[in-house]
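Undergrad: Below is one structure. I have some questions about it.
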There are 6 protein chains.
Amino acid sequence: MKITVINPNTSQSMTDHINRELAKIKREDTELEVTCPDRGPITIESAYDEAYAVPPTLELVQEANRKGQDAVILACFSDPGINAAKEISDIPVVGIEESTLHVASMLGNKFTILTTLKERVAAKENEVEECGLTSKLASVRPLEMTVAETDEEPERAQERIFEVAKKAIEEDGAEVFALGCAGMAGYAEPVEEKLGTVVLDPSSVALKITESIVDANLNQSKVGLFATPPEKEFKGYDL
Amino acid sequence: MKITVINPNTSQSMTDHINRELAKIKREDTELEVTCPDRGPITIESAYDEAYAVPPTLELVQEANRKGQDAVILACFSDPGINAAKEISDIPVVGIEESTLHVASMLGNKFTILTTLKERVAAKENEVEECGLTSKLASVRPLEMTVAETDEEPERAQERIFEVAKKAIEEDGAEVFALGCAGMAGYAEPVEEKLGTVVLDPSSVALKITESIVDANLNQSKVGLFATPPEKEFKGYDL
Amino acid sequence: MKITVINPNTSQSMTDHINRELAKIKREDTELEVTCPDRGPITIESAYDEAYAVPPTLELVQEANRKGQDAVILACFSDPGINAAKEISDIPVVGIEESTLHVASMLGNKFTILTTLKERVAAKENEVEECGLTSKLASVRPLEMTVAETDEEPERAQERIFEVAKKAIEEDGAEVFALGCAGMAGYAEPVEEKLGTVVLDPSSVALKITESIVDANLNQSKVGLFATPPEKEFKGYDL
Amino acid sequence: MKITVINPNTSQSMTDHINRELAKIKREDTELEVTCPDRGPITIESAYDEAYAVPPTLELVQEANRKGQDAVILACFSDPGINAAKEISDIPVVGIEESTLHVASMLGNKFTILTTLKERVAAKENEVEECGLTSKLASVRPLEMTVAETDEEPERAQERIFEVAKKAIEEDGAEVFALGCAGMAGYAEPVEEKLGTVVLDPSSVALKITESIVDANLNQSKVGLFATPPEKEFKGYDL
Amino acid sequence: MKITVINPNTSQSMTDHINRELAKIKREDTELEVTCPDRGPITIESAYDEAYAVPPTLELVQEANRKGQDAVILACFSDPGINAAKEISDIPVVGIEESTLHVASMLGNKFTILTTLKERVAAKENEVEECGLTSKLASVRPLEMTVAETDEEPERAQERIFEVAKKAIEEDGAEVFALGCAGMAGYAEPVEEKLGTVVLDPSSVALKITESIVDANLNQSKVGLFATPPEKEFKGYDL
Amino acid sequence: MKITVINPNTSQSMTDHINRELAKIKREDTELEVTCPDRGPITIESAYDEAYAVPPTLELVQEANRKGQDAVILACFSDPGINAAKEISDIPVVGIEESTLHVASMLGNKFTILTTLKERVAAKENEVEECGLTSKLASVRPLEMTVAETDEEPERAQERIFEVAKKAIEEDGAEVFALGCAGMAGYAEPVEEKLGTVVLDPSSVALKITESIVDANLNQSKVGLFATPPEKEFKGYDL
């Protein structure tokens, strides 16, 4: 099967990183195309960043449809533009946040999302609500490190993930963890071992779920929220 | 006070219509600037349309800030890009849906939103949830008329609004109505009279609430969800 | 427009205080009448106090209707008797708590109510639920000072408001604050400045929202919860 | 044990009726005192009626405390003044609605409340929410008969109760019924038999639960919502 | 009336203990039969333990029906098998958890359940949700003592109950307590006295509520969740 | 990978049927073992049936662990004993209901479960609540056909599934369907085609999700709800 993975920001290095990580775990019969837009924000840390990331991301979704791919993965934890992508796509579109949170909900009673800064907590909580999973949320906990800092100080980052997760087990009833930001990629395995409970790497979970969805010949419904939008004039665009 | 009203779609005729209607009800000391983007969809009927409407809308929000306006109103019932707009704005940003639904919640026990087509119901329900007002929602009811049809057949449109609203009173416990689409503008008063209960025209309600907010010197909080986004590179944009 | 503001307790000094504060911020074309009952509790700190405050308050609502006023504001943060007042009134009735909480819900993701004592927390939480806004509530936090103490020690009161609000930002995700008790009136501005986020003075917010509602010619619905009560015998009363 | 039953309206005939019905089912060792206020509304059908019924009801609660009774039952389905009554009482206060709904929640998956008119539905739904039992509510269904009509046409009333309850089983998933109004007293047994499922007479259920509570030596908590109110001046009252 | 109390585990000493405690508080006209299965786990501390405790418990429920008892109480705080028991029983079945939590909901604004170990907290929270009472739950707090430890060190157990409950009042808004485990039986009274608020012993509360239910001639509904199961083949059983 | 599929009832023909269906869609590298207990009910249609199906099902889960299988699927739509199975298993346990409902939640805004009889609706609703997905539930709709009838009249069954699903789209906002009973197996594809929206066959979905989970090396968390039960005496059992 042919799966397009779209990193909605414009960082080629992050796109390459996702490519390398997913290549390691993909099924043999899965052909991955990992890509990112050529315009828009270099990272996504606000609704404002998302607003500019979404249109070029949607164009990549359309391209994947045209090229006959079997599915699309949106590889940014906030699943930016996921509803619009499902509207315009004839092939399944899977968000790494939604798929990770639904899997987390089966692996434990409640999950905790680890995010970067305190300011992002509210946005994550709202995303969980949009997934319909608020009753499975133990907490959203910030590392209080920026993406840049997690990049520069990998050991401290891993230590912080462990500490914060440990506190979430003790104080919030967390049983499963979702690493809610690209800067934490690669820490799932070592932290899981040290912590003694499940730590999910969203891109990896999403790839596996997407392989399942393609395999089972499933697709998003078109009779309601994800109905194909009516054709219309878009001034200044050639869509 | 100086208020910028942004119609997020690119229809100049709808923008003119909003301008005329709000001019009738604005306070004497309110100076209105009603505008719309020069690129993007001509109407907004899907998440996909919203995706393309939001970036140029945000640019108009920034322009209103630069020009020293006192507040911004987003004049499309789905409040597209409202969170991003609040993030980047130093002056209050008010959505016509959020303000209408909060006012509706005070004027009756439960409200009903009237929308165009059945396919839009789920999106409206999710917007109510994002406003935190699901417990005040009686129902979302479609007229089963497209925007074009409501334009072409104003008498049938008004009759449909009345019929559907009446059913919502009888079957859903609706007490207050929000006309959830531009095509219904102008029907609030006649339907309210015939129906015997409150029918809200969202743009009008939003203007009055915004005048209050400016008058009371209020503004959105910047310590959480609406914190100013960090500066960063936007490839292909000169923001 | 002519607005009657009813302080539901029998404290003339608090009534005078409200009068002075609102006079400063009212629109020029607003004529205020601030009044209080001549029987009932001197302050309202329990459901029991409310029970005795409500009947004379309702009589003042009826008087405002008879006198041709344009709207009524109930100026006690627990909105005592609000539903009964809306039932018997042909002009809009606005509670300072409901209007403040709905505005707070637009200005930030979640709000915190500051109250006097720990014993009042549960009542405030239940009032938020009645407004349908539980999903927007960060927390109710007590100052652990009585009304008398906030009066006698204004500096300590202001300091406590700041400290408790700061903790609510850090621990509860609060973005907006409502000063949930008359004893805190006057502290909104200085605390807002020091805290760096929105602090709402309920009476002021309610006045501005009420001016909007009158201006927009809105009123509570009479087809459901606020339907005019059937006439009947009231033993021992001449209503 | 000595139990005071307060009918919060001023109808002596309804008070006598309650007395007769409860006398039939009380425990042998239960001494009943069924009483009603000498001022206030003759029936309770609105928040306005409740407002005037509550203060004299609270005085009867205080009298029951002074006389050394073991418990108080508030015998009106909307439990008017229940929180205030619990605040001022050293003996348990039980509302017929709260006790009936909690018992209903154990006897079936969901319950339906039958009320008189469509206008009362919203109030009943809010009362269920205040009891914390919304997730157990199948529906509130009106008979569309006034209290007067149920009195004058007992056969039609019983038939309506049966019809409406049957519809609630079929359409709402109702399993248990609460007769939510005094006018329906006496119909529980015949309707239960015809319907083939549980129909609760609130006064009877409340008496049995109150006997249990006294027997188990239980009482309302005084550390939070029902804390004894602080002493204070009540102008125009000698409380 | 004749009430069968089933201790679903196979500990004869715990069964005897329940018997002694309930004998002290039963009505004179109540005839108690306290029993336990002869196969299954000696204590119930997991869903796995429950799985093996339920079938023999159901057989005792059937026996109580055959013997003409008036009601059955399931005397383990997690109410194991309660829905199945209600399905197969023609006489009322009451769980000690459900009845205690519904009574707790009337005696205070919110309740806290005290349990043994942190690992049990999630299960208790889910049980509260199944009772439909999540909005009345202040918290579930573990003593961090095993059942064995509470048995061996009664003084420390009582002290822990007091400490943990005190913290729940201060931090969680708890007003009423349910002792959620057999090992805490006997501590309700002394802790209640020291704590100054209501502490419920579940078996005692359940007995009193069951006496009420029998007295009021109530029973579970058979039209929905608790409908009598269809007859069918059970391989390897002679049911 | 080696996956054990347990049909919790004792019907060998249904077990064979599941085996045939899953064999068609399994990955090439998946080795299936489809089995059922040798004692317990022949079908599962009540909590009572579940009670007897669970212990032998758990023994098969233990056997799968001992044999070195990679995962276990519980193949009955009510996921009987799922929590106990997760407690005692070192390999992942997946329920066909939980996995289907989580996938359904990604493929559309709301899903509808089709069940056999009206009496089963409440149980299905409660299972959705236990999965934490109530906000994604459009409705549970009964076919009003018994399992036997769906077997004997396959054409009428397929027609009923189509009719009921169509109604759920029109009246409940359903976008995705879960065939909530073994008797409907095999109808997903033809109904999906006729209906024009997603219809999920639970066993198939569960197999694909389980293959993903094994592939991603995931497992249930052992730090909370699914912690390994403490060892203890089980009278009359040799576990």
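Each chain in the structure tokens gets a letter, A, B and so on, in the order shown; residues start at 1 in every chain, and ligands are counted from 1 in the order they appear.
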May I have a table of the residues of chain D lying at most 9 Å from chain F, giving each one's closest pair of atoms and their distance in Å to one decimal, counting only C-alpha atoms, ordered by chain and ascending residue number, as CSV?
TA:
residue,atom,partner,partner_atom,distance
D:Asn109,CA,F:Ala122,CA,7.0
D:Lys110,CA,F:Ala122,CA,8.6
D:Glu170,CA,F:Lys118,CA,8.6
D:Gly173,CA,F:Ala122,CA,7.4
Undergrad: Would you mind listing what lies within 8 Å of Gly236 (chain F) as an MDAnalysis selection string, with only C-alpha atoms counted and same-chain residues fewer than 3 positions away left out?
TA: chainID E and resid 38:40
Undergrad: As a list in words, please: the residues near Ala71 (chain A) (cut-off 8 Å, only C-alpha atoms, same-chain neighbours under 2 positions excluded).
TA: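 The neighbour list is Lys2, Ile3, Thr4, Ala64, Gln69, Ile73, Ile91, Pro92, Val93, Val94, Thr210 and Val214 of chain A.
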Undergrad: Once you have the residues from the selection above, write them out as a compact mmCIF listing (two decimals), in the first residue's frame, restricted to C-alpha atoms.
TA:
# COMPACT_ATOMS: atom_id res chain seq x y z
CA LYS A 2 1.09 3.56 -0.69
CA ILE A 3 0.80 6.02 2.18
CA THR A 4 1.54 9.74 2.00
CA ALA A 64 -1.98 12.34 -2.81
CA GLN A 69 -2.14 6.91 -2.92
CA ILE A 73 -1.33 10.78 7.49
CA ILE A 91 -8.81 8.20 0.45
CA PRO A 92 -8.63 7.88 4.25
CA VAL A 93 -6.97 10.73 6.15
CA VAL A 94 -5.62 9.93 9.61
CA THR A 210 -3.42 3.72 8.88
CA VAL A 214 -6.17 0.61 4.33
Undergrad: Point out the residue among A:Ala206, A:Val164, A:Val34, A:Val5 with the least atom-to-atom distance to Thr116 (chain A), counting only C-alpha atoms.
TA: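 Smallest separation from Thr116 (chain A) among the options: A:Val164.
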Undergrad: DSSP on the backbone: what in region 81-176 of chain F comes out strand (DSSP E), as a count of residues only?
TA: 15
Undergrad: I'd like the contact shell of Thr228 (chain F) - 9 Å cut-off, only C-alpha atoms, skipping same-chain residues fewer than 5 positions apart - returned as a ChimeraX atom specification.
TA: /E:46 /F:86-90,222-223
Undergrad: Using only C-alpha atoms, which residues sit within 10 Å of Ile169 (chain C) once same-chain residues fewer than 5 positions away are excluded, as a count of residues only?
TA: 14
Undergrad: Write out as number ranges by chain the set of residues from region 2-236 of chain B that DSSP, computed on the backbone, places in alpha helix (DSSP H).
TA: B: 12-25, 47-66, 82-88, 96-107, 121-130, 147-152, 154-172, 188-195, 202-215
Undergrad: Could you tell me how far CA of Ser204 (chain F) lies from CA of Leu22 (chain F), in Å and to one decimal?
TA: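 Spanning CA of Ser204 (chain F) to CA of Leu22 (chain F) is a straight-line distance of 6.4 Å.
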Undergrad: Rank nothing, just name the residue among A:Pro230, A:Glu163, A:Glu127, A:Leu207 nearest to Lys24 (chain A), using only C-alpha atoms.
TA: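 With only C-alpha atoms as the atom set, the closest residue is A:Leu207.
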Undergrad: Could you tell me how far CA of Gly186 (chain C) lies from CA of Asp70 (chain C), in Å and to one decimal?
TA: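 Separating CA of Gly186 (chain C) from CA of Asp70 (chain C) is a distance of 26.6 Å.
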Undergrad: Could you check the closest approach to Tyr48 (chain B) for each of A:Glu31, A:Asp151, A:Glu231, A:Glu98 and tell me which residue wins, using only C-alpha atoms?
TA: A:Glu231
Undergrad: When you look at region 199-201 of chain C with a cut-off of 12 Å (counting only C-alpha atoms), what residues show up, excluding the ones that are within fewer than 6 positions of it in the same chain? I need them as a ChimeraX atom specification.
TA: /B:213,216-221 /C:18,21-22,25,75-77,96-97,99-105,107-108,111-114,161-162,165-166,174-193,207-208
Undergrad: Counting only C-alpha atoms, which residue out of E:Ser212, E:Thr134, E:Gln158, E:Ser11 sits closest to Ala53 (chain E)?
TA: E:Ser11
